[in-house]
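Data file: structure07.txt. Format and content: compact mmCIF, C-alpha atoms.
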```
# COMPACT_ATOMS: atom_id res chain seq x y z
CA MET A 1 311.32 37.92 277.39
CA LEU A 2 309.38 35.65 275.09
CA ILE A 3 310.64 32.11 274.52
CA LYS A 4 309.14 29.84 271.89
CA VAL A 5 309.65 26.12 271.51
CA LEU A 6 309.02 25.05 267.93
CA GLY A 7 308.06 21.47 267.20
CA SER A 8 305.21 19.27 266.06
CA GLY A 9 304.49 18.06 269.59
CA CYS A 10 306.64 14.96 269.74
CA LYS A 11 308.46 13.91 272.86
CA LYS A 12 311.61 15.89 272.14
CA CYS A 13 309.72 19.17 272.09
CA ILE A 14 308.02 18.39 275.39
CA THR A 15 311.39 17.67 276.97
CA LEU A 16 312.85 20.90 275.61
CA THR A 17 309.91 22.86 277.02
CA GLU A 18 310.39 21.25 280.41
CA ASN A 19 314.12 22.01 280.33
CA THR A 20 313.36 25.63 279.45
CA HIS A 21 311.11 25.97 282.47
CA THR A 22 313.82 24.40 284.64
CA ALA A 23 316.41 26.81 283.24
CA LEU A 24 314.19 29.79 284.00
CA SER A 25 313.67 28.75 287.58
CA GLN A 26 317.40 28.08 287.97
CA LEU A 27 318.11 31.60 286.79
CA GLN A 28 315.15 32.90 288.78
CA ARG A 29 313.88 34.74 285.77
CA GLU A 30 310.41 35.23 284.42
CA ALA A 31 309.59 34.68 280.78
CA GLU A 32 306.64 33.62 278.74
CA VAL A 33 307.21 30.16 277.25
CA VAL A 34 305.05 29.33 274.24
CA LYS A 35 304.87 26.06 272.35
CA VAL A 36 304.47 26.47 268.61
CA THR A 37 303.14 23.37 266.88
CA ASP A 38 301.67 24.84 263.70
CA PHE A 39 303.82 23.95 260.70
CA ALA A 40 303.07 27.20 258.93
CA GLU A 41 304.36 29.13 261.91
CA ILE A 42 307.41 26.89 262.31
CA ALA A 43 308.16 27.31 258.62
CA ALA A 44 308.01 31.07 259.06
CA TYR A 45 311.15 30.81 261.18
CA GLY A 46 312.95 28.87 258.46
CA VAL A 47 313.62 26.00 260.81
CA MET A 48 314.26 22.59 259.26
CA SER A 49 314.93 20.41 262.23
CA THR A 50 312.79 20.48 265.34
CA PRO A 51 312.71 21.06 268.22
CA ALA A 52 313.98 24.59 267.89
CA LEU A 53 314.31 27.33 270.49
CA VAL A 54 313.42 30.93 269.71
CA ILE A 55 314.24 33.73 272.15
CA ASP A 56 312.62 37.09 271.41
CA GLU A 57 311.97 36.05 267.80
CA ARG A 58 315.54 34.95 267.17
CA VAL A 59 316.28 31.28 266.46
CA VAL A 60 319.04 30.25 268.85
CA SER A 61 319.05 26.49 268.42
CA MET A 62 317.51 23.86 266.19
CA GLY A 63 317.34 20.09 265.96
CA LYS A 64 318.57 19.60 269.49
CA VAL A 65 317.07 18.78 272.84
CA LEU A 66 319.07 21.21 274.91
CA SER A 67 319.70 20.47 278.57
CA ALA A 68 318.47 22.95 281.18
CA ASP A 69 322.02 24.25 281.57
CA GLU A 70 322.39 24.84 277.85
CA VAL A 71 319.08 26.69 277.72
CA ALA A 72 320.15 28.79 280.71
CA ALA A 73 323.34 29.79 278.91
CA LEU A 74 321.34 30.84 275.84
CA ILE A 75 318.88 32.85 277.94
CA GLN A 76 321.73 34.70 279.59
CA ALA A 77 323.41 35.37 276.28
CA ALA A 78 320.20 36.78 274.79
CA MET B 1 331.89 -24.05 258.99
CA ASP B 2 332.51 -20.97 256.95
CA PHE B 3 333.71 -18.04 259.04
CA PHE B 4 331.14 -15.61 257.66
CA GLU B 5 328.38 -18.09 258.22
CA TRP B 6 329.48 -18.41 261.82
CA LEU B 7 329.59 -14.63 262.18
CA ASN B 8 326.12 -14.37 260.68
CA ASP B 9 324.67 -17.06 262.94
CA GLN B 10 326.18 -15.81 266.16
CA LEU B 11 326.20 -12.03 265.69
CA LEU B 12 323.05 -11.43 263.68
CA ARG B 13 320.84 -14.43 264.25
CA MET B 14 322.27 -14.82 267.75
CA GLU B 15 322.19 -18.59 267.86
CA TRP B 16 323.87 -18.42 271.27
CA LEU B 17 320.92 -16.48 272.60
CA SER B 18 318.44 -18.94 271.14
CA GLN B 19 320.34 -21.82 272.76
CA GLY B 20 320.65 -19.94 276.04
CA VAL B 21 316.94 -19.14 276.27
CA LYS B 22 316.21 -22.75 275.36
CA ALA B 23 318.46 -24.03 278.14
CA VAL B 24 316.86 -21.74 280.71
CA LEU B 25 313.32 -22.68 279.70
CA GLU B 26 314.16 -26.37 279.71
CA ALA B 27 315.77 -26.07 283.12
CA LEU B 28 312.47 -24.61 284.30
CA GLY B 29 310.79 -27.77 283.05
CA LEU B 30 309.13 -26.41 279.93
CA ASP B 31 308.79 -28.55 276.84
CA LEU B 32 309.84 -26.42 273.87
CA SER B 33 307.94 -28.53 271.38
CA SER B 34 304.72 -27.66 273.22
CA ARG B 35 302.77 -24.62 272.11
CA LEU B 36 303.35 -22.66 275.29
CA GLY B 37 307.05 -23.52 275.43
CA GLY B 38 307.52 -22.70 271.76
CA SER B 39 305.76 -19.32 272.02
CA LEU B 40 307.68 -18.44 275.16
CA HIS B 41 310.96 -19.28 273.51
CA PHE B 42 310.11 -17.24 270.39
CA PHE B 43 308.96 -14.29 272.51
CA ILE B 44 311.90 -14.11 274.92
CA TYR B 45 314.54 -14.81 272.29
CA ASP B 46 313.10 -12.34 269.79
CA VAL B 47 312.56 -9.53 272.29
CA ILE B 48 316.14 -9.71 273.58
CA LYS B 49 317.57 -10.09 270.09
CA ILE B 50 315.66 -7.13 268.67
CA PHE B 51 316.55 -4.86 271.57
CA ILE B 52 320.24 -5.68 271.26
CA LEU B 53 320.23 -5.12 267.49
CA LEU B 54 318.08 -2.01 267.84
CA SER B 55 320.43 -0.36 270.33
CA VAL B 56 323.63 -1.20 268.49
CA LEU B 57 322.29 -0.25 265.06
CA ILE B 58 320.71 3.02 266.13
CA PHE B 59 323.92 3.99 267.85
CA ILE B 60 325.95 3.42 264.67
CA ILE B 61 323.43 5.10 262.38
CA SER B 62 322.99 8.12 264.62
CA TRP B 63 326.73 8.55 264.72
CA ILE B 64 326.90 8.55 260.91
CA GLN B 65 323.83 10.75 260.80
CA SER B 66 325.49 13.41 262.94
CA TYR B 67 327.67 14.14 259.92
CA PHE B 68 324.62 14.83 257.74
CA PRO B 69 322.31 17.36 259.40
CA PRO B 70 319.36 18.41 257.22
CA GLU B 71 321.05 21.68 256.30
CA ARG B 72 324.01 19.83 254.85
CA THR B 73 321.80 17.31 253.07
CA ARG B 74 319.96 20.18 251.44
CA ARG B 75 323.19 21.80 250.29
CA ILE B 76 324.44 18.53 248.81
CA LEU B 77 321.17 17.94 246.97
CA GLY B 78 320.95 21.52 245.79
CA GLY B 79 324.19 21.03 243.89
CA LEU B 80 322.98 18.02 241.92
CA GLN B 81 320.62 17.57 239.02
CA GLY B 82 318.47 14.96 237.29
CA PHE B 83 318.81 11.28 237.99
CA ARG B 84 321.92 11.70 240.11
CA ALA B 85 320.06 14.05 242.41
CA ASN B 86 317.25 11.52 242.85
CA LEU B 87 319.75 8.78 243.61
CA ALA B 88 321.62 10.96 246.09
CA ALA B 89 318.32 11.92 247.75
CA ALA B 90 317.33 8.27 248.09
CA LEU B 91 320.73 7.37 249.53
CA LEU B 92 320.76 10.30 251.97
CA GLY B 93 317.26 9.26 252.99
CA THR B 94 318.74 6.06 254.38
CA ILE B 95 320.66 7.93 257.07
CA THR B 96 318.01 10.30 258.36
CA PRO B 97 316.29 10.54 261.72
CA PHE B 98 313.70 7.89 262.36
CA CYS B 99 310.99 10.13 263.70
CA SER B 100 308.27 10.78 261.14
CA CYS B 101 307.46 14.05 262.91
CA SER B 102 310.70 15.52 261.57
CA SER B 103 309.80 14.82 257.95
CA ILE B 104 307.45 17.78 257.54
CA PRO B 105 309.90 20.51 258.59
CA LEU B 106 312.35 18.77 256.23
CA PHE B 107 309.82 18.88 253.42
CA ILE B 108 309.26 22.59 254.02
CA GLY B 109 312.99 23.27 254.25
CA PHE B 110 313.77 21.39 251.03
CA THR B 111 310.90 22.80 248.99
CA GLY B 112 311.25 26.28 250.42
CA SER B 113 314.87 26.45 249.35
CA GLY B 114 313.93 25.56 245.79
CA LEU B 115 314.72 21.85 245.56
CA PRO B 116 312.51 20.24 242.91
CA LEU B 117 309.59 18.09 244.08
CA SER B 118 311.07 14.97 242.51
CA ILE B 119 314.16 15.13 244.70
CA THR B 120 312.25 15.97 247.86
CA PHE B 121 309.96 13.02 247.32
CA SER B 122 312.80 10.60 246.56
CA PHE B 123 314.15 11.60 249.94
CA LEU B 124 310.77 11.36 251.68
CA ILE B 125 310.08 7.88 250.30
CA SER B 126 313.46 6.42 251.10
CA SER B 127 313.71 7.94 254.57
CA PRO B 128 311.30 5.65 256.47
CA LEU B 129 311.54 2.75 254.02
CA VAL B 130 315.20 1.85 253.89
CA ASP B 131 318.03 2.37 256.27
CA LEU B 132 321.09 0.61 257.51
CA ALA B 133 319.05 -0.95 260.32
CA SER B 134 316.62 -2.61 257.94
CA LEU B 135 319.49 -4.04 255.91
CA ILE B 136 321.16 -5.64 258.90
CA LEU B 137 317.95 -6.77 260.60
CA LEU B 138 316.69 -8.41 257.42
CA ALA B 139 320.02 -10.14 257.07
CA GLY B 140 319.72 -11.32 260.66
CA ILE B 141 316.25 -12.71 260.28
CA PHE B 142 316.27 -13.93 256.68
CA ASN B 143 319.56 -13.78 254.82
CA TRP B 144 321.88 -11.35 253.07
CA SER B 145 320.47 -11.78 249.57
CA ILE B 146 316.97 -10.92 250.77
CA ALA B 147 318.28 -7.96 252.75
CA ILE B 148 320.23 -6.55 249.83
CA ALA B 149 317.36 -7.12 247.42
CA TYR B 150 314.97 -5.33 249.80
CA VAL B 151 317.24 -2.32 250.14
CA LEU B 152 317.97 -2.11 246.41
CA LEU B 153 314.29 -2.33 245.47
CA GLY B 154 313.43 0.21 248.18
CA LEU B 155 315.96 2.61 246.66
CA VAL B 156 314.58 1.95 243.17
CA LEU B 157 311.10 2.76 244.47
CA ALA B 158 312.38 6.00 246.01
CA VAL B 159 314.24 7.09 242.85
CA LEU B 160 311.48 6.18 240.40
CA GLY B 161 308.64 7.29 242.70
CA GLY B 162 310.28 10.69 243.15
CA ALA B 163 311.00 11.02 239.43
CA LEU B 164 307.39 10.15 238.57
CA ILE B 165 306.00 12.69 241.02
CA GLY B 166 308.38 15.24 239.52
CA ALA B 167 307.17 14.41 236.01
CA LEU B 168 303.57 15.11 237.04
CA ARG B 169 304.49 18.78 237.51
CA MET B 170 302.33 19.29 240.55
CA GLU B 171 304.21 22.26 241.99
CA GLN B 172 300.86 24.07 242.27
CA GLN B 173 299.70 21.39 244.70
CA ILE B 174 301.93 22.47 247.54
CA GLU B 175 300.34 24.54 250.29
CA ALA B 176 301.24 28.18 249.75
CA PHE B 177 302.94 28.78 253.11
CA VAL B 178 305.62 26.22 252.29
CA THR B 179 307.30 28.28 249.60
CA ARG B 180 306.54 31.69 251.02
CA HIS B 181 309.34 31.75 253.55
CA PRO B 182 313.07 31.96 253.15
CA VAL B 183 315.09 29.27 254.85
CA LEU B 184 317.32 30.08 257.73
CA ASP B 185 320.96 29.12 257.44
CA LEU B 186 322.62 29.02 260.80
CA PRO B 187 326.36 28.41 260.61
CA PRO B 188 326.99 24.67 261.01
CA GLU B 189 328.05 23.62 264.45
CA GLN B 190 331.48 22.14 264.95
CA LEU B 191 330.85 18.80 266.60
CA GLN B 192 333.56 16.92 268.44
CA LEU B 193 333.69 13.15 268.58
CA ARG B 194 332.33 13.36 272.12
CA ASP B 195 329.28 15.36 270.96
CA ARG B 196 328.58 12.81 268.25
CA LEU B 197 328.81 9.89 270.65
CA ARG B 198 326.58 11.68 273.13
CA TYR B 199 324.09 12.41 270.36
CA ALA B 200 324.13 8.75 269.30
CA ALA B 201 323.55 7.57 272.86
CA GLU B 202 320.66 10.01 273.26
CA GLN B 203 319.11 8.78 270.03
CA VAL B 204 319.28 5.17 271.23
CA GLN B 205 317.62 6.09 274.51
CA GLU B 206 314.93 8.12 272.83
CA ILE B 207 314.11 5.60 270.13
CA VAL B 208 314.04 2.66 272.51
CA GLN B 209 311.64 4.63 274.71
CA ARG B 210 309.44 5.30 271.71
CA VAL B 211 309.37 1.88 270.08
CA TRP B 212 309.63 -0.69 272.87
CA MET B 213 305.88 -1.14 273.00
CA TYR B 214 305.65 -1.74 269.25
CA VAL B 215 308.45 -4.27 269.48
CA LEU B 216 306.71 -6.20 272.28
CA LEU B 217 303.44 -6.03 270.36
CA GLY B 218 305.11 -7.16 267.14
CA VAL B 219 306.89 -10.05 268.80
CA GLY B 220 303.67 -10.99 270.59
CA ILE B 221 301.75 -11.13 267.33
CA GLY B 222 304.67 -13.04 265.81
CA ALA B 223 304.58 -15.60 268.62
CA LEU B 224 300.82 -15.92 268.17
CA ILE B 225 301.19 -16.56 264.46
CA HIS B 226 304.11 -18.87 265.11
CA ASN B 227 302.40 -21.29 267.43
CA TRP B 228 298.68 -20.68 267.71
CA ILE B 229 297.22 -19.80 264.33
CA PRO B 230 296.98 -22.86 262.07
CA GLU B 231 298.96 -22.75 258.86
CA SER B 232 295.83 -23.59 256.89
CA VAL B 233 294.06 -20.44 258.06
CA ILE B 234 296.99 -18.21 257.12
CA ASN B 235 297.43 -19.91 253.78
CA ALA B 236 293.75 -19.61 252.97
CA LEU B 237 294.05 -15.86 253.52
CA ILE B 238 297.44 -14.89 252.17
CA GLY B 239 299.05 -18.14 251.00
CA SER B 240 301.67 -17.91 248.28
CA ASP B 241 299.28 -19.40 245.71
CA LYS B 242 296.75 -16.63 246.26
CA LEU B 243 297.04 -13.88 243.69
CA TRP B 244 295.39 -11.34 245.96
CA SER B 245 297.85 -11.94 248.80
CA VAL B 246 300.19 -9.10 247.83
CA PRO B 247 297.56 -6.34 247.50
CA LEU B 248 295.80 -7.59 250.63
CA ALA B 249 299.01 -7.56 252.69
CA THR B 250 299.85 -4.08 251.34
CA LEU B 251 296.43 -2.66 252.15
CA ILE B 252 296.50 -4.12 255.67
CA GLY B 253 299.97 -2.66 256.24
CA ILE B 254 299.31 0.89 255.02
CA PRO B 255 297.26 2.33 257.91
CA MET B 256 299.53 0.70 260.49
CA TYR B 257 302.08 2.87 262.18
CA ALA B 258 305.15 1.01 263.31
CA ASP B 259 308.72 0.80 262.27
CA ILE B 260 310.82 -1.99 260.97
CA PHE B 261 311.69 -3.25 264.44
CA GLY B 262 308.09 -4.03 265.28
CA THR B 263 307.19 -5.55 261.92
CA LEU B 264 310.12 -7.92 261.53
CA PRO B 265 308.96 -10.52 264.07
CA ILE B 266 305.57 -10.65 262.34
CA ALA B 267 307.31 -11.02 258.98
CA GLU B 268 309.54 -13.76 260.34
CA ALA B 269 306.59 -15.74 261.68
CA LEU B 270 304.61 -15.36 258.45
CA VAL B 271 307.47 -16.61 256.29
CA HIS B 272 307.80 -19.66 258.55
CA LYS B 273 304.13 -20.34 257.95
CA GLY B 274 304.72 -20.52 254.22
CA VAL B 275 303.49 -17.08 253.20
CA GLY B 276 305.24 -15.82 250.07
CA LEU B 277 308.36 -13.75 250.64
CA GLY B 278 307.08 -10.97 248.37
CA THR B 279 303.81 -10.82 250.29
CA VAL B 280 305.65 -10.44 253.58
CA LEU B 281 308.07 -7.82 252.26
CA ALA B 282 305.18 -5.86 250.70
CA PHE B 283 303.50 -5.88 254.11
CA MET B 284 306.65 -4.57 255.78
CA MET B 285 307.20 -1.88 253.17
CA ALA B 286 303.58 -0.77 253.45
CA VAL B 287 303.81 -0.52 257.23
CA THR B 288 307.03 1.50 257.19
CA ALA B 289 306.58 3.68 254.10
CA LEU B 290 302.97 4.73 254.56
CA SER B 291 300.90 5.19 257.67
CA LEU B 292 297.80 7.11 258.62
CA PRO B 293 299.69 9.53 260.91
CA SER B 294 302.32 10.29 258.28
CA LEU B 295 299.68 10.89 255.59
CA ILE B 296 297.80 13.24 257.89
CA MET B 297 301.04 15.13 258.52
CA LEU B 298 301.88 15.30 254.84
CA ARG B 299 298.40 16.62 254.08
CA LYS B 300 299.32 19.78 255.98
CA VAL B 301 301.92 20.72 253.39
CA VAL B 302 300.57 19.25 250.15
CA LYS B 303 297.11 19.46 248.59
CA PRO B 304 294.94 16.36 248.08
CA PRO B 305 295.83 15.70 244.39
CA LEU B 306 299.54 15.52 245.14
CA LEU B 307 298.90 13.46 248.28
CA ALA B 308 296.82 11.06 246.18
CA ALA B 309 299.56 10.82 243.54
CA PHE B 310 302.16 10.10 246.23
CA PHE B 311 299.93 7.50 247.88
CA SER B 312 299.05 5.68 244.63
CA ILE B 313 302.59 5.61 243.30
CA ILE B 314 303.97 4.15 246.54
CA THR B 315 301.15 1.64 246.92
CA LEU B 316 301.46 0.39 243.35
CA GLY B 317 305.24 0.32 243.64
CA ILE B 318 305.11 -1.79 246.79
CA MET B 319 302.66 -4.24 245.20
CA LEU B 320 304.89 -4.54 242.16
CA ILE B 321 307.89 -5.27 244.38
CA GLY B 322 305.81 -7.86 246.24
CA TYR B 323 304.85 -9.68 243.05
CA LEU B 324 308.47 -9.54 241.83
CA PHE B 325 309.76 -11.08 245.05
CA ASN B 326 307.10 -13.78 244.98
CA ALA B 327 307.96 -14.65 241.39
CA PHE B 328 311.66 -14.90 242.12
CA ALA B 329 311.46 -16.12 245.71
CA TYR B 330 313.18 -19.39 244.78
CA LEU B 331 316.36 -17.41 244.16
CA PHE B 332 316.43 -16.19 247.75
CA LEU B 333 315.22 -18.91 250.09
```

Kindly transcribe the structure held in the file into structure tokens.
Amino acid sequence: MLIKVLGSGCKKCITLTENTHTALSQLQREAEVVKVTDFAEIAAYGVMSTPALVIDERVVSMGKVLSADEVAALIQAA
Amino acid sequence: MDFFEWLNDQLLRMEWLSQGVKAVLEALGLDLSSRLGGSLHFFIYDVIKIFILLSVLIFIISWIQSYFPPERTRRILGGLQGFRANLAAALLGTITPFCSCSSIPLFIGFTGSGLPLSITFSFLISSPLVDLASLILLAGIFNWSIAIAYVLLGLVLAVLGGALIGALRMEQQIEAFVTRHPVLDLPPEQLQLRDRLRYAAEQVQEIVQRVWMYVLLGVGIGALIHNWIPESVINALIGSDKLWSVPLATLIGIPMYADIFGTLPIAEALVHKGVGLGTVLAFMMAVTALSLPSLIMLRKVVKPPLLAAFFSIITLGIMLIGYLFNAFAYLFL
């Protein structure tokens, strides 16, 4: 599983990345978590509000700092 | 006393807080007419006042804002044309997120979906420059006529600035990747009242965490100006009789990165020292509308000629507003 956190590097994106790591360890699952800060790459996903969460190249959330529980739910649904 | 005047004094200017801080300091044996006592009073009173206003205002604005996510804003704007679209963009810009880091994805989203440059820029100019918070804070520190004039002129700058940039036909000056990609349209989320309130509370927490240092710094500089820097020095530099005061204040303000909450105490102190109202407002507009970090961000999506056009139009506009306010200051103070 490949998880990407899209965002220009502001505090919200850092929090979302942390929560994603927490969610993964809660679920005891392994996944590669990548932070995408390049605007061109973010734009390629068509995302208008950051931070956004992309699981296996599918945008599952945008403009929200999801809690670890919310991220866990999205990982399980993916 | 007039009821509204009372409301204004107690709720916005927080006279009770000023009196309370004064009583505490005097009980501690400090003389408020002394320099130290005066600065301490200004600092404590202003810091508490700004944090109260900041929290309450951001809560209200974020709650309103939760009804206008960027996707909806874009749909609304996409359905309008000409002057009305510019006006709507400027007005919607007043209820957007405060973080300048969100403005670039917005720019890409707007432009990528085919919104004209003029509308996108009206939105981009108004977004950091005017919002509900600035209206109420200005009313709290100066008065309602100044606050309303500031917001109206800020909106005029956003509408005309955007229209001018549109008229320059610089569509070629956008970085290619911006228009290359389609924009994703996720179905809008159904938010309950509880979600909106939670969102608003999170925004308050996040913004306070981000700006508290700027507020302390701003109030500190304000207290310094208030009690330690002689009026003659300030007037020699940017006094209201100096023609260069407006451009100087604008140019000093541009590279600075702060928001309205940090700049207001400085503005307040400067006005007390006899600096022209227009000069002070130009400084505030320059600080909020343009900053080095935001220009560097914008450079990633637009090419230098368009960036230069944007920069010059805003700078000249702010100076013009400054001169206007100075010329008609007697109407407001």

Residues within 10 Å of Leu153 in chain B, please, as a list in words. Count all atoms listed in the file; anything in the same chain fewer than 5 positions from it doesn't count. Val130, Ile148, Ala158, Val159, Gly317, Ile318, Ile321, Leu324 and Phe325 of chain B

Convert the current residue selection to file output with C-alpha atoms, as a PDB file, in the frame of the given file.
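File produced: part20.pdb:
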```pdb
ATOM      1  CA  VAL B 130     315.200   1.850 253.890  1.00  0.00           C
ATOM      2  CA  ILE B 148     320.230  -6.550 249.830  1.00  0.00           C
ATOM      3  CA  ALA B 158     312.380   6.000 246.010  1.00  0.00           C
ATOM      4  CA  VAL B 159     314.240   7.090 242.850  1.00  0.00           C
ATOM      5  CA  GLY B 317     305.240   0.320 243.640  1.00  0.00           C
ATOM      6  CA  ILE B 318     305.110  -1.790 246.790  1.00  0.00           C
ATOM      7  CA  ILE B 321     307.890  -5.270 244.380  1.00  0.00           C
ATOM      8  CA  LEU B 324     308.470  -9.540 241.830  1.00  0.00           C
ATOM      9  CA  PHE B 325     309.760 -11.080 245.050  1.00  0.00           C
TER      10      PHE B 325
END
```

Restricting the calculation to all atoms listed in the file, which member of A:Val5, A:Ala23, A:Val34, A:Ala43 is positioned closest to chain B?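 When distances to chain B are compared using all atoms listed in the file, the smallest one comes from A:Ala43.
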
Which residues are close to range 10-18 of chain B, i.e. within 10 Å by all atoms listed in the file, leaving aside same-chain residues fewer than 4 positions away? Reply as a ChimeraX atom specification. /B:4-6,22-23,41-42,44-46,48-50,52-53,136-143

Expected answer as a ChimeraX atom specification: chain A residues within 12 Å of chain B, all atoms listed in the file: /A:6-13,15,37-52,58-67

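Taking CA of Ile75 in chain A as the reference point, CA of Arg198 in chain B is found at 23.0 Å.
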
Name the residues, using the chain letters and numbers of the file, that sit within 12 Å of (304.4, 17.2, 240.2) when counting only C-alpha atoms, and give them as a ChimeraX atom specification. /B:116-121,161-174,302-303,305-310

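All polymer residues at most 10 Å from (294.5, -19.1, 253.8), using all atoms listed in the file, appear as Pro230, Glu231, Ser232, Val233, Ile234, Asn235, Ala236, Leu237, Ile238, Gly239, Ser240, Asp241, Lys242, Ser245 and Val275 of chain B.
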
Give me, as a list in words, all polymer residues having an atom no more than 12 Å from Thr22 in chain A, counting all atoms listed in the file and skipping those fewer than 5 positions away in the same chain. Thr15, Leu16, Thr17, Leu27, Gln28, Arg29, Glu30, Ala31, Val33, Leu66, Ser67, Ala68, Asp69, Glu70, Val71, Ala72 and Ile75 of chain A

May I have the residues within 7 Å of Ala286 in chain B as a PyMOL selection string, using all atoms listed in the file and disregarding those fewer than 4 positions away in the same chain? chain B and resi 250+253-254+282+290+318

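Atom to atom, CA of Ala267 in chain B and CA of Leu320 in chain B stand 18.2 Å apart.
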
Rounded to one decimal in Å, what is the spacing between CA of Phe51 in chain B and CA of Ile221 in chain B?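 Taking CA of Phe51 in chain B and CA of Ile221 in chain B, their separation equals 16.6 Å.
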
Of the candidates B:Ala289, B:Leu32, B:Met319, B:Ala223, which shows the shortest atom-to-atom distance to Lys273 in chain B, using all atoms listed in the file?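 Using all atoms listed in the file, the shortest distance to Lys273 in chain B belongs to B:Ala223.
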
With 3 Å of padding per side, what axis-aligned box (centre and edge lengths, Å, one decimal) covers all the listed atoms of range 312-327 of chain B? Give it as lines of an AutoDock Vina configuration file.
```
center_x = 304.4
center_y = -4.5
center_z = 244.2
size_x = 16.7
size_y = 26.3
size_z = 11.5
```
